[in-house]
$ cat input29.pdb   # PDB, C-alpha atoms
MODEL        1
ATOM      1  CA  MET T 440     -10.607 -90.597 -88.442
ATOM      2  CA  PRO T 441     -13.796 -92.698 -88.254
ATOM      3  CA  GLU T 442     -15.137 -93.622 -84.858
ATOM      4  CA  LYS T 443     -14.564 -97.173 -83.797
ATOM      5  CA  PRO T 444     -17.594 -99.400 -84.516
ATOM      6  CA  SER T 445     -19.638-100.274 -81.435
ATOM      7  CA  THR T 446     -19.207-104.017 -81.888
ATOM      8  CA  GLU T 447     -15.698-104.401 -80.696
ATOM      9  CA  PRO T 448     -13.444-107.164 -81.973
ATOM     10  CA  GLU T 449     -12.007-109.201 -79.126
ATOM     11  CA  GLU T 450      -8.503-109.270 -80.607
ATOM     12  CA  LEU T 451      -7.702-105.738 -79.375
ATOM     13  CA  PRO T 452      -4.419-105.798 -77.437
ATOM     14  CA  ARG T 453      -6.143-105.045 -74.128
ATOM     15  CA  ALA T 454      -3.831-105.444 -71.123
ATOM     16  CA  HIS T 455      -5.083-108.174 -68.790
ATOM     17  CA  HIS T 456      -5.618-105.787 -65.857
ATOM     18  CA  ASP T 457      -7.723-103.380 -67.975
ATOM     19  CA  LEU T 458     -11.010-105.077 -67.121
ATOM     20  CA  GLY T 459     -13.660-102.407 -67.774
ATOM     21  CA  GLY T 460     -16.489-103.772 -69.889
ATOM     22  CA  VAL T 461     -14.949-107.213 -70.340
ATOM     23  CA  ALA T 462     -17.806-109.541 -71.276
ATOM     24  CA  LYS T 463     -17.187-112.211 -68.642
ATOM     25  CA  TYR T 464     -17.611-109.639 -65.857
ATOM     26  CA  ALA T 465     -20.763-108.205 -67.425
ATOM     27  CA  CYS T 466     -22.330-111.651 -66.905
ATOM     28  CA  GLN T 467     -21.423-112.000 -63.220
ATOM     29  CA  PRO T 468     -22.972-110.074 -60.330
ATOM     30  CA  VAL T 469     -20.562-107.619 -58.701
ATOM     31  CA  ASP T 470     -19.620-108.500 -55.114
ATOM     32  CA  THR T 471     -20.366-105.301 -53.211
ATOM     33  CA  GLU T 472     -20.118-106.771 -49.694
ATOM     34  CA  PRO T 473     -17.452-105.184 -47.465
ATOM     35  CA  HIS T 474     -14.395-107.378 -46.888
ATOM     36  CA  ALA T 475     -12.583-107.542 -43.536
ATOM     37  CA  LEU T 476      -8.879-106.701 -43.807
ATOM     38  CA  THR T 477      -6.437-109.343 -42.574
ATOM     39  CA  ASP T 478      -3.303-108.518 -40.569
ATOM     40  CA  PHE T 479      -1.332-109.239 -43.739
ATOM     41  CA  ASP T 480      -3.436-106.725 -45.707
ATOM     42  CA  LYS T 481      -2.835-104.033 -43.067
ATOM     43  CA  GLN T 482       0.911-104.711 -42.957
ATOM     44  CA  VAL T 483       1.180-104.413 -46.734
ATOM     45  CA  ASP T 484      -0.766-101.152 -46.664
ATOM     46  CA  ALA T 485       1.516 -99.827 -43.908
ATOM     47  CA  VAL T 486       4.663-100.737 -45.869
ATOM     48  CA  ARG T 487       3.259 -98.965 -48.954
ATOM     49  CA  SER T 488       2.458 -95.859 -46.893
ATOM     50  CA  ILE T 489       5.980 -95.696 -45.448
ATOM     51  CA  LEU T 490       7.616 -96.180 -48.857
ATOM     52  CA  GLY T 491       5.396 -93.405 -50.252
ATOM     53  CA  ALA T 492       6.069 -91.010 -47.356
ATOM     54  CA  LYS T 493       9.818 -91.602 -47.697
ATOM     55  CA  LYS T 494       9.610 -91.083 -51.482
ATOM     56  CA  VAL T 495      11.004 -94.530 -52.206
ATOM     57  CA  MET T 496       8.152 -95.428 -54.531
ATOM     58  CA  SER T 497       4.995 -93.753 -55.788
ATOM     59  CA  VAL T 498       1.469 -95.094 -56.140
ATOM     60  CA  ASP T 499       1.987 -94.929 -59.908
ATOM     61  CA  GLU T 500       4.968 -97.272 -59.604
ATOM     62  CA  LEU T 501       2.885 -99.554 -57.392
ATOM     63  CA  ARG T 502       0.242 -99.730 -60.126
ATOM     64  CA  ARG T 503       2.819-100.348 -62.849
ATOM     65  CA  GLY T 504       4.235-103.225 -60.823
ATOM     66  CA  ILE T 505       0.768-104.713 -60.279
ATOM     67  CA  GLU T 506       0.005-104.481 -63.985
ATOM     68  CA  ALA T 507       3.290-106.242 -64.796
ATOM     69  CA  ILE T 508       2.278-109.390 -62.887
ATOM     70  CA  PRO T 509       1.758-112.185 -65.441
ATOM     71  CA  GLU T 510      -1.931-112.760 -66.199
ATOM     72  CA  GLU T 511      -2.323-116.197 -64.636
ATOM     73  CA  THR T 512      -0.642-115.098 -61.387
ATOM     74  CA  TYR T 513      -2.517-111.766 -61.390
ATOM     75  CA  HIS T 514      -5.923-113.469 -61.276
ATOM     76  CA  ARG T 515      -4.790-115.937 -58.598
ATOM     77  CA  LEU T 516      -3.427-113.334 -56.142
ATOM     78  CA  SER T 517      -5.537-111.351 -53.683
ATOM     79  CA  TYR T 518      -5.611-107.548 -53.829
ATOM     80  CA  TYR T 519      -2.868-107.046 -51.250
ATOM     81  CA  GLN T 520      -0.841-110.007 -52.499
ATOM     82  CA  ARG T 521      -0.603-108.094 -55.793
ATOM     83  CA  TRP T 522       0.556-105.042 -53.852
ATOM     84  CA  ILE T 523       3.362-106.857 -52.012
ATOM     85  CA  ARG T 524       4.478-108.481 -55.242
ATOM     86  CA  SER T 525       4.708-105.034 -56.865
ATOM     87  CA  ILE T 526       6.442-103.540 -53.814
ATOM     88  CA  ALA T 527       9.056-106.329 -53.880
ATOM     89  CA  ASP T 528       9.557-105.820 -57.630
ATOM     90  CA  ASN T 529      10.008-102.061 -57.186
ATOM     91  CA  LEU T 530      12.445-102.433 -54.264
ATOM     92  CA  LEU T 531      14.524-104.940 -56.255
ATOM     93  CA  ARG T 532      14.579-102.614 -59.290
ATOM     94  CA  ARG T 533      15.747 -99.712 -57.145
ATOM     95  CA  GLY T 534      18.322-101.791 -55.311
ATOM     96  CA  VAL T 535      16.717-101.062 -51.922
ATOM     97  CA  VAL T 536      16.837-104.784 -51.249
ATOM     98  CA  SER T 537      18.851-107.417 -53.085
ATOM     99  CA  GLU T 538      17.515-110.688 -54.448
ATOM    100  CA  GLU T 539      19.679-112.543 -51.903
ATOM    101  CA  GLU T 540      18.246-110.540 -48.981
ATOM    102  CA  LEU T 541      14.678-111.098 -50.174
ATOM    103  CA  ARG T 542      15.273-114.812 -50.694
ATOM    104  CA  ALA T 543      16.868-115.178 -47.243
ATOM    105  CA  GLU T 544      13.915-113.419 -45.554
ATOM    106  CA  LEU T 545      11.380-115.556 -47.422
ATOM    107  CA  GLU T 546      13.200-118.730 -46.409
ATOM    108  CA  ARG T 547      13.335-117.561 -42.804
ATOM    109  CA  GLY T 548       9.497-117.347 -43.015
TER     110      GLY T 548
ATOM    111  CA  MET E 107      -2.209 -79.181 -78.502
ATOM    112  CA  ALA E 108      -4.396 -76.163 -77.872
ATOM    113  CA  GLU E 109      -6.581 -76.199 -74.795
ATOM    114  CA  LEU E 110      -9.864 -78.016 -75.352
ATOM    115  CA  ALA E 111     -12.883 -75.917 -74.411
ATOM    116  CA  PRO E 112     -16.015 -77.384 -72.803
ATOM    117  CA  GLY E 113     -18.394 -78.699 -75.485
ATOM    118  CA  ARG E 114     -15.575 -79.540 -77.917
ATOM    119  CA  LEU E 115     -15.991 -82.852 -79.740
ATOM    120  CA  VAL E 116     -12.971 -85.090 -79.338
ATOM    121  CA  GLN E 117     -11.871 -88.576 -80.276
ATOM    122  CA  VAL E 118      -9.721 -90.716 -78.031
ATOM    123  CA  ARG E 119      -6.626 -91.885 -79.893
ATOM    124  CA  SER E 120      -6.831 -95.502 -80.981
ATOM    125  CA  ASP E 121      -3.340 -96.209 -79.726
ATOM    126  CA  TRP E 122      -2.169 -99.324 -77.888
ATOM    127  CA  PRO E 123       1.171 -98.570 -76.177
ATOM    128  CA  GLU E 124       0.723-101.685 -74.018
ATOM    129  CA  ALA E 125       1.175-103.774 -77.184
ATOM    130  CA  ARG E 126       4.616-102.198 -77.771
ATOM    131  CA  GLY E 127       6.204-103.013 -74.428
ATOM    132  CA  PRO E 128       6.020-102.106 -70.743
ATOM    133  CA  ALA E 129       3.534 -99.270 -70.283
ATOM    134  CA  HIS E 130       1.194 -97.756 -67.713
ATOM    135  CA  ILE E 131      -1.938 -96.334 -69.334
ATOM    136  CA  ARG E 132      -4.808 -94.558 -67.592
ATOM    137  CA  THR E 133      -7.019 -94.459 -70.688
ATOM    138  CA  PRO E 134      -9.253 -97.557 -70.521
ATOM    139  CA  HIS E 135      -9.220 -99.887 -73.505
ATOM    140  CA  TYR E 136     -12.950 -99.487 -74.156
ATOM    141  CA  LEU E 137     -12.568 -95.770 -74.934
ATOM    142  CA  ARG E 138      -9.766 -96.015 -77.505
ATOM    143  CA  GLY E 139     -11.059 -94.653 -80.797
ATOM    144  CA  ARG E 140     -14.311 -93.401 -79.233
ATOM    145  CA  ARG E 141     -15.827 -89.970 -79.630
ATOM    146  CA  GLY E 142     -16.840 -87.843 -76.674
ATOM    147  CA  ARG E 143     -17.394 -84.275 -75.563
ATOM    148  CA  ILE E 144     -15.211 -82.138 -73.311
ATOM    149  CA  VAL E 145     -17.078 -81.294 -70.106
ATOM    150  CA  ARG E 146     -14.390 -79.424 -68.187
ATOM    151  CA  ARG E 147     -10.663 -79.034 -67.736
ATOM    152  CA  LEU E 148      -9.647 -80.403 -64.340
ATOM    153  CA  GLY E 149      -6.162 -78.902 -64.161
ATOM    154  CA  GLU E 150      -2.650 -80.052 -64.974
ATOM    155  CA  PHE E 151      -1.059 -83.124 -63.439
ATOM    156  CA  PRO E 152       2.264 -84.962 -63.870
ATOM    157  CA  ASN E 153       1.884 -87.631 -66.546
ATOM    158  CA  PRO E 154       1.269 -90.951 -64.740
ATOM    159  CA  GLU E 155       2.664 -92.805 -67.772
ATOM    160  CA  ASP E 156       6.074 -91.370 -66.735
ATOM    161  CA  LEU E 157       5.535 -91.402 -62.954
ATOM    162  CA  ALA E 158       4.910 -95.143 -63.150
ATOM    163  CA  PHE E 159       8.506 -95.643 -64.321
ATOM    164  CA  ALA E 160       9.989 -92.956 -62.015
ATOM    165  CA  ARG E 161      10.824 -90.825 -65.075
ATOM    166  CA  PRO E 162      10.603 -87.011 -65.077
ATOM    167  CA  ALA E 163       6.887 -86.367 -65.615
ATOM    168  CA  PRO E 164       5.775 -83.176 -67.384
ATOM    169  CA  LYS E 165       2.427 -81.778 -66.267
ATOM    170  CA  LEU E 166      -0.368 -82.397 -68.764
ATOM    171  CA  PRO E 167      -3.953 -81.142 -68.877
ATOM    172  CA  LEU E 168      -6.587 -83.557 -67.590
ATOM    173  CA  TYR E 169     -10.188 -83.348 -68.797
ATOM    174  CA  HIS E 170     -13.582 -84.721 -67.878
ATOM    175  CA  VAL E 171     -14.886 -86.216 -71.112
ATOM    176  CA  ALA E 172     -18.499 -87.420 -71.548
ATOM    177  CA  PHE E 173     -19.323 -90.390 -73.786
ATOM    178  CA  ASP E 174     -22.721 -91.664 -74.906
ATOM    179  CA  GLN E 175     -23.187 -94.764 -72.763
ATOM    180  CA  ALA E 176     -25.411 -96.730 -75.135
ATOM    181  CA  ALA E 177     -22.811 -96.434 -77.914
ATOM    182  CA  ILE E 178     -20.175 -98.028 -75.682
ATOM    183  CA  TRP E 179     -22.030-100.564 -73.517
ATOM    184  CA  GLY E 180     -25.063-101.172 -75.718
ATOM    185  CA  GLU E 181     -27.363-100.496 -72.771
ATOM    186  CA  GLY E 182     -28.774 -97.596 -70.801
ATOM    187  CA  ALA E 183     -31.430 -94.958 -71.275
ATOM    188  CA  THR E 184     -31.244 -92.213 -73.880
ATOM    189  CA  GLY E 185     -28.997 -89.478 -72.584
ATOM    190  CA  ASP E 186     -27.039 -91.735 -70.221
ATOM    191  CA  GLU E 187     -23.360 -90.801 -70.311
ATOM    192  CA  LEU E 188     -20.037 -92.059 -69.048
ATOM    193  CA  LEU E 189     -17.847 -89.359 -67.489
ATOM    194  CA  VAL E 190     -14.161 -90.251 -67.629
ATOM    195  CA  GLU E 191     -10.945 -88.419 -66.746
ATOM    196  CA  ILE E 192      -8.618 -88.419 -69.759
ATOM    197  CA  PHE E 193      -5.288 -86.665 -70.281
ATOM    198  CA  GLY E 194      -5.097 -84.219 -73.182
ATOM    199  CA  HIS E 195      -2.418 -86.120 -75.091
ATOM    200  CA  TRP E 196      -4.951 -88.934 -75.626
ATOM    201  CA  LEU E 197      -7.486 -86.594 -77.268
ATOM    202  CA  GLN E 198      -7.798 -85.441 -80.876
ATOM    203  CA  GLU E 199     -10.122 -82.667 -81.955
ATOM    204  CA  VAL E 200     -12.975 -83.756 -84.226
ATOM    205  CA  PRO E 201     -13.896 -81.247 -86.944
ATOM    206  CA  ALA E 202     -17.467 -79.928 -86.580
ATOM    207  CA  GLN E 203     -19.811 -81.770 -88.969
TER     208      GLN E 203
ENDMDL
END
$ encode --input "input29.pdb" --output "structure tokens"
Amino acid sequence: MPEKPSTEPEELPRAHHDLGGVAKYACQPVDTEPHALTDFDKQVDAVRSILGAKKVMSVDELRRGIEAIPEETYHRLSYYQRWIRSIADNLLRRGVVSEEELRAELERG
Amino acid sequence: MAELAPGRLVQVRSDWPEARGPAHIRTPHYLRGRRGRIVRRLGEFPNPEDLAFARPAPKLPLYHVAFDQAAIWGEGATGDELLVEIFGHWLQEVPAQ
């Protein structure tokens, strides 16, 4: 059971959301400025809170759904856009909403 | 696995469940296969790997594990450590050398 060598081959099957220590981020300064929340951000957070309080979905399921977003989309979406995508995925899986209902609401705008 | 006492040398399993299909893993990729030292037992918590899929989640021990920072990041002063929360099923005991 030898310890892994410190120079790490890049071909490890790291999941795309598992970003700790990834070289490209080590080379960029970290943005530590506070970000104002938009109305959309607050609405998504409120929906998540209600679904948690009513035991419809857990924070762990939220995270699983975020991690399941395909890599290209994941890096394009904002923090709360990832949340709503995961929430929609979880509600579809549980049958809380149907694909038709979701589609109709999205088309209604 | 028996309870891991503070000071015990451990090695994080070099396992990659995410490569085998849908998974939710709280053990960061950069610690797989690494050796660390048990600092304290934090208690028992339902396994998030099951909670993430709404499966029944048995409670598992969670530990604070310290890792030598320089060995992992290649930077930092002597004695700098990373302190990470890791569930017991990810840890193997390392025989004393």
$ resolve_selection --input "input29.pdb" --expression "the ChimeraX specification (/T :<6) & /E" --output "PyMOL selection string"
chain E and resi 125+130+139-140+157-158
$ resolve_selection --input "input29.pdb" --expression "the PyMOL selection byres ((chain E and resi 133) around 10)" --output "list in words"
Asp457 of chain T; Val118, Arg119, Asp121, Trp122, His130, Ile131, Arg132, Pro134, His135, Tyr136, Leu137, Arg138, Val190, Glu191, Ile192, Phe193 and Trp196 of chain E
$ closest_residue --input "input29.pdb" --among "T:Leu541, T:Val536, T:Leu490, T:Val483" --to "Arg521 of chain T" --atoms "all atoms listed in the file"
T:Val483
$ closest_residue --input "input29.pdb" --among "T:Asp480, T:Ile523, T:Arg532, T:Arg542" --to "Phe159 of chain E" --atoms "all atoms listed in the file"
T:Arg532
$ residues_near_point --input "input29.pdb" --point "(-20.5, -77.7, -74.2)" --cutoff "10 Å" --atoms "only C-alpha atoms" --output "list in words"
Ala111, Pro112, Gly113, Arg114, Leu115, Arg143, Ile144, Val145 and Arg146 of chain E
$ residues_around --input "input29.pdb" --residues "Tyr513 of chain T" --least-positions-apart "2" --cutoff "12 Å" --atoms "only C-alpha atoms" --output "NGL selection string"
:T and (454-457 or 504-511 or 515-522 or 524-525)
$ write_last_selection --input "input29.pdb" --atoms "C-alpha atoms" --output "PDB file, in the coordinates of the input"
ATOM      1  CA  ALA T 454      -3.831-105.444 -71.123  1.00  0.00           C
ATOM      2  CA  HIS T 455      -5.083-108.174 -68.790  1.00  0.00           C
ATOM      3  CA  HIS T 456      -5.618-105.787 -65.857  1.00  0.00           C
ATOM      4  CA  ASP T 457      -7.723-103.380 -67.975  1.00  0.00           C
ATOM      5  CA  GLY T 504       4.235-103.225 -60.823  1.00  0.00           C
ATOM      6  CA  ILE T 505       0.768-104.713 -60.279  1.00  0.00           C
ATOM      7  CA  GLU T 506       0.005-104.481 -63.985  1.00  0.00           C
ATOM      8  CA  ALA T 507       3.290-106.242 -64.796  1.00  0.00           C
ATOM      9  CA  ILE T 508       2.278-109.390 -62.887  1.00  0.00           C
ATOM     10  CA  PRO T 509       1.758-112.185 -65.441  1.00  0.00           C
ATOM     11  CA  GLU T 510      -1.931-112.760 -66.199  1.00  0.00           C
ATOM     12  CA  GLU T 511      -2.323-116.197 -64.636  1.00  0.00           C
ATOM     13  CA  ARG T 515      -4.790-115.937 -58.598  1.00  0.00           C
ATOM     14  CA  LEU T 516      -3.427-113.334 -56.142  1.00  0.00           C
ATOM     15  CA  SER T 517      -5.537-111.351 -53.683  1.00  0.00           C
ATOM     16  CA  TYR T 518      -5.611-107.548 -53.829  1.00  0.00           C
ATOM     17  CA  TYR T 519      -2.868-107.046 -51.250  1.00  0.00           C
ATOM     18  CA  GLN T 520      -0.841-110.007 -52.499  1.00  0.00           C
ATOM     19  CA  ARG T 521      -0.603-108.094 -55.793  1.00  0.00           C
ATOM     20  CA  TRP T 522       0.556-105.042 -53.852  1.00  0.00           C
ATOM     21  CA  ARG T 524       4.478-108.481 -55.242  1.00  0.00           C
ATOM     22  CA  SER T 525       4.708-105.034 -56.865  1.00  0.00           C
TER      23      SER T 525
END
$ axis_aligned_box --input "input29.pdb" --around "segment 185-203 of chain E" --padding-each-side "8 Å" --output "JSON"
{"center_x": -15.7, "center_y": -86.0, "center_z": -77.9, "size_x": 42.6, "size_y": 28.1, "size_z": 38.2}
$ atom_distance --input "input29.pdb" --atom1 "atom CA of Ala527 of chain T" --atom2 "atom CA of Lys494 of chain T"
15.4 Å
$ resolve_selection --input "input29.pdb" --expression "the PyMOL selection byres ((chain E and resi 199) around 8)" --output "list of chain:residue names"
E:Arg114, E:Leu115, E:Val116, E:Gln117, E:Leu197, E:Gln198, E:Val200, E:Pro201
$ write_last_selection --input "input29.pdb" --atoms "C-alpha atoms" --output "short mmCIF file (atom, residue, chain, number, x, y, z; two decimals), in the coordinates of the input"
data_model
loop_
_atom_site.label_atom_id
_atom_site.label_comp_id
_atom_site.auth_asym_id
_atom_site.auth_seq_id
_atom_site.Cartn_x
_atom_site.Cartn_y
_atom_site.Cartn_z
CA ARG E 114 -15.58 -79.54 -77.92
CA LEU E 115 -15.99 -82.85 -79.74
CA VAL E 116 -12.97 -85.09 -79.34
CA GLN E 117 -11.87 -88.58 -80.28
CA LEU E 197 -7.49 -86.59 -77.27
CA GLN E 198 -7.80 -85.44 -80.88
CA VAL E 200 -12.98 -83.76 -84.23
CA PRO E 201 -13.90 -81.25 -86.94
#
$ atom_distance --input "input29.pdb" --atom1 "atom CA of Ala177 of chain E" --atom2 "atom CA of Gly127 of chain E"
30.0 Å
$ atom_distance --input "input29.pdb" --atom1 "atom CA of Gly180 of chain E" --atom2 "atom CA of Gly142 of chain E"
15.7 Å
$ decode --input "input29.pdb" --residues "segment 145-181 of chain E" --atoms "N, CA and C atoms" --output "CSV table (one decimal), in the first residue's frame"
chain,number,residue,atom,x,y,z
E,145,VAL,N,-6.8,13.2,13.7
E,145,VAL,CA,-6.7,14.2,14.7
E,145,VAL,C,-7.8,14.0,15.8
E,146,ARG,N,-9.0,13.8,15.3
E,146,ARG,CA,-10.1,13.5,16.3
E,146,ARG,C,-11.3,12.9,15.5
E,147,ARG,N,-12.1,12.2,16.3
E,147,ARG,CA,-13.4,11.7,15.7
E,147,ARG,C,-14.4,12.7,16.0
E,148,LEU,N,-15.2,13.1,14.9
E,148,LEU,CA,-16.1,14.1,15.0
E,148,LEU,C,-17.5,13.7,15.3
E,149,GLY,N,-17.8,12.4,15.3
E,149,GLY,CA,-19.1,11.8,15.5
E,149,GLY,C,-19.5,10.9,14.4
E,150,GLU,N,-20.8,10.5,14.4
E,150,GLU,CA,-21.3,9.7,13.4
E,150,GLU,C,-22.4,10.4,12.6
E,151,PHE,N,-22.3,10.3,11.3
E,151,PHE,CA,-23.3,11.0,10.4
E,151,PHE,C,-23.8,10.1,9.3
E,152,PRO,N,-25.0,10.3,8.9
E,152,PRO,CA,-25.5,9.5,7.7
E,152,PRO,C,-24.6,9.7,6.5
E,153,ASN,N,-24.4,8.6,5.8
E,153,ASN,CA,-23.4,8.6,4.7
E,153,ASN,C,-24.0,9.4,3.6
E,154,PRO,N,-23.3,10.6,3.3
E,154,PRO,CA,-23.8,11.4,2.2
E,154,PRO,C,-23.8,10.8,0.8
E,155,GLU,N,-23.0,9.7,0.7
E,155,GLU,CA,-22.9,9.0,-0.6
E,155,GLU,C,-24.3,8.3,-0.9
E,156,ASP,N,-25.0,8.0,0.2
E,156,ASP,CA,-26.4,7.4,0.1
E,156,ASP,C,-27.4,8.5,0.1
E,157,LEU,N,-27.3,9.5,1.0
E,157,LEU,CA,-28.2,10.6,1.1
E,157,LEU,C,-28.4,11.3,-0.3
E,158,ALA,N,-27.3,11.4,-1.0
E,158,ALA,CA,-27.4,12.1,-2.3
E,158,ALA,C,-28.3,11.4,-3.3
E,159,PHE,N,-28.6,10.1,-3.1
E,159,PHE,CA,-29.5,9.4,-4.0
E,159,PHE,C,-30.8,9.0,-3.3
E,160,ALA,N,-31.0,9.6,-2.1
E,160,ALA,CA,-32.2,9.4,-1.3
E,160,ALA,C,-32.3,7.9,-0.9
E,161,ARG,N,-31.2,7.2,-0.7
E,161,ARG,CA,-31.2,5.8,-0.3
E,161,ARG,C,-31.1,5.8,1.2
E,162,PRO,N,-31.5,4.7,1.9
E,162,PRO,CA,-31.2,4.6,3.4
E,162,PRO,C,-29.7,4.8,3.6
E,163,ALA,N,-29.4,5.7,4.6
E,163,ALA,CA,-28.0,6.1,4.8
E,163,ALA,C,-27.6,5.7,6.2
E,164,PRO,N,-26.8,4.6,6.3
E,164,PRO,CA,-26.3,4.2,7.7
E,164,PRO,C,-25.3,5.3,8.2
E,165,LYS,N,-25.3,5.5,9.5
E,165,LYS,CA,-24.4,6.5,10.1
E,165,LYS,C,-23.0,5.9,10.1
E,166,LEU,N,-22.0,6.8,9.7
E,166,LEU,CA,-20.6,6.3,9.7
E,166,LEU,C,-19.8,7.4,10.4
E,167,PRO,N,-18.7,6.9,11.0
E,167,PRO,CA,-17.8,7.8,11.7
E,167,PRO,C,-17.1,8.8,10.8
E,168,LEU,N,-17.0,10.0,11.3
E,168,LEU,CA,-16.4,11.1,10.5
E,168,LEU,C,-15.2,11.5,11.3
E,169,TYR,N,-14.0,11.7,10.6
E,169,TYR,CA,-12.8,12.1,11.3
E,169,TYR,C,-12.2,13.4,10.8
E,170,HIS,N,-11.5,14.1,11.6
E,170,HIS,CA,-10.6,15.2,11.2
E,170,HIS,C,-9.3,14.5,10.9
E,171,VAL,N,-8.8,14.6,9.7
E,171,VAL,CA,-7.5,14.0,9.3
E,171,VAL,C,-6.5,15.1,8.9
E,172,ALA,N,-5.3,15.0,9.4
E,172,ALA,CA,-4.3,16.0,9.0
E,172,ALA,C,-3.3,15.4,8.0
E,173,PHE,N,-3.0,16.2,7.0
E,173,PHE,CA,-2.1,15.8,6.0
E,173,PHE,C,-1.0,16.9,5.9
E,174,ASP,N,0.2,16.4,5.6
E,174,ASP,CA,1.4,17.3,5.4
E,174,ASP,C,1.1,18.1,4.1
E,175,GLN,N,1.0,19.5,4.3
E,175,GLN,CA,0.6,20.3,3.1
E,175,GLN,C,1.7,20.2,2.0
E,176,ALA,N,2.9,20.3,2.3
E,176,ALA,CA,4.0,20.4,1.3
E,176,ALA,C,3.9,19.2,0.4
E,177,ALA,N,3.6,18.0,1.0
E,177,ALA,CA,3.6,16.8,0.2
E,177,ALA,C,2.5,16.8,-0.8
E,178,ILE,N,1.4,17.5,-0.5
E,178,ILE,CA,0.3,17.5,-1.4
E,178,ILE,C,0.3,18.7,-2.4
E,179,TRP,N,0.6,19.9,-1.9
E,179,TRP,CA,0.6,21.1,-2.8
E,179,TRP,C,2.0,21.5,-3.3
E,180,GLY,N,3.0,20.9,-2.7
E,180,GLY,CA,4.3,21.3,-3.1
E,180,GLY,C,4.7,22.7,-2.7
E,181,GLU,N,4.0,23.3,-1.7
E,181,GLU,CA,4.3,24.6,-1.2
E,181,GLU,C,3.9,24.7,0.3
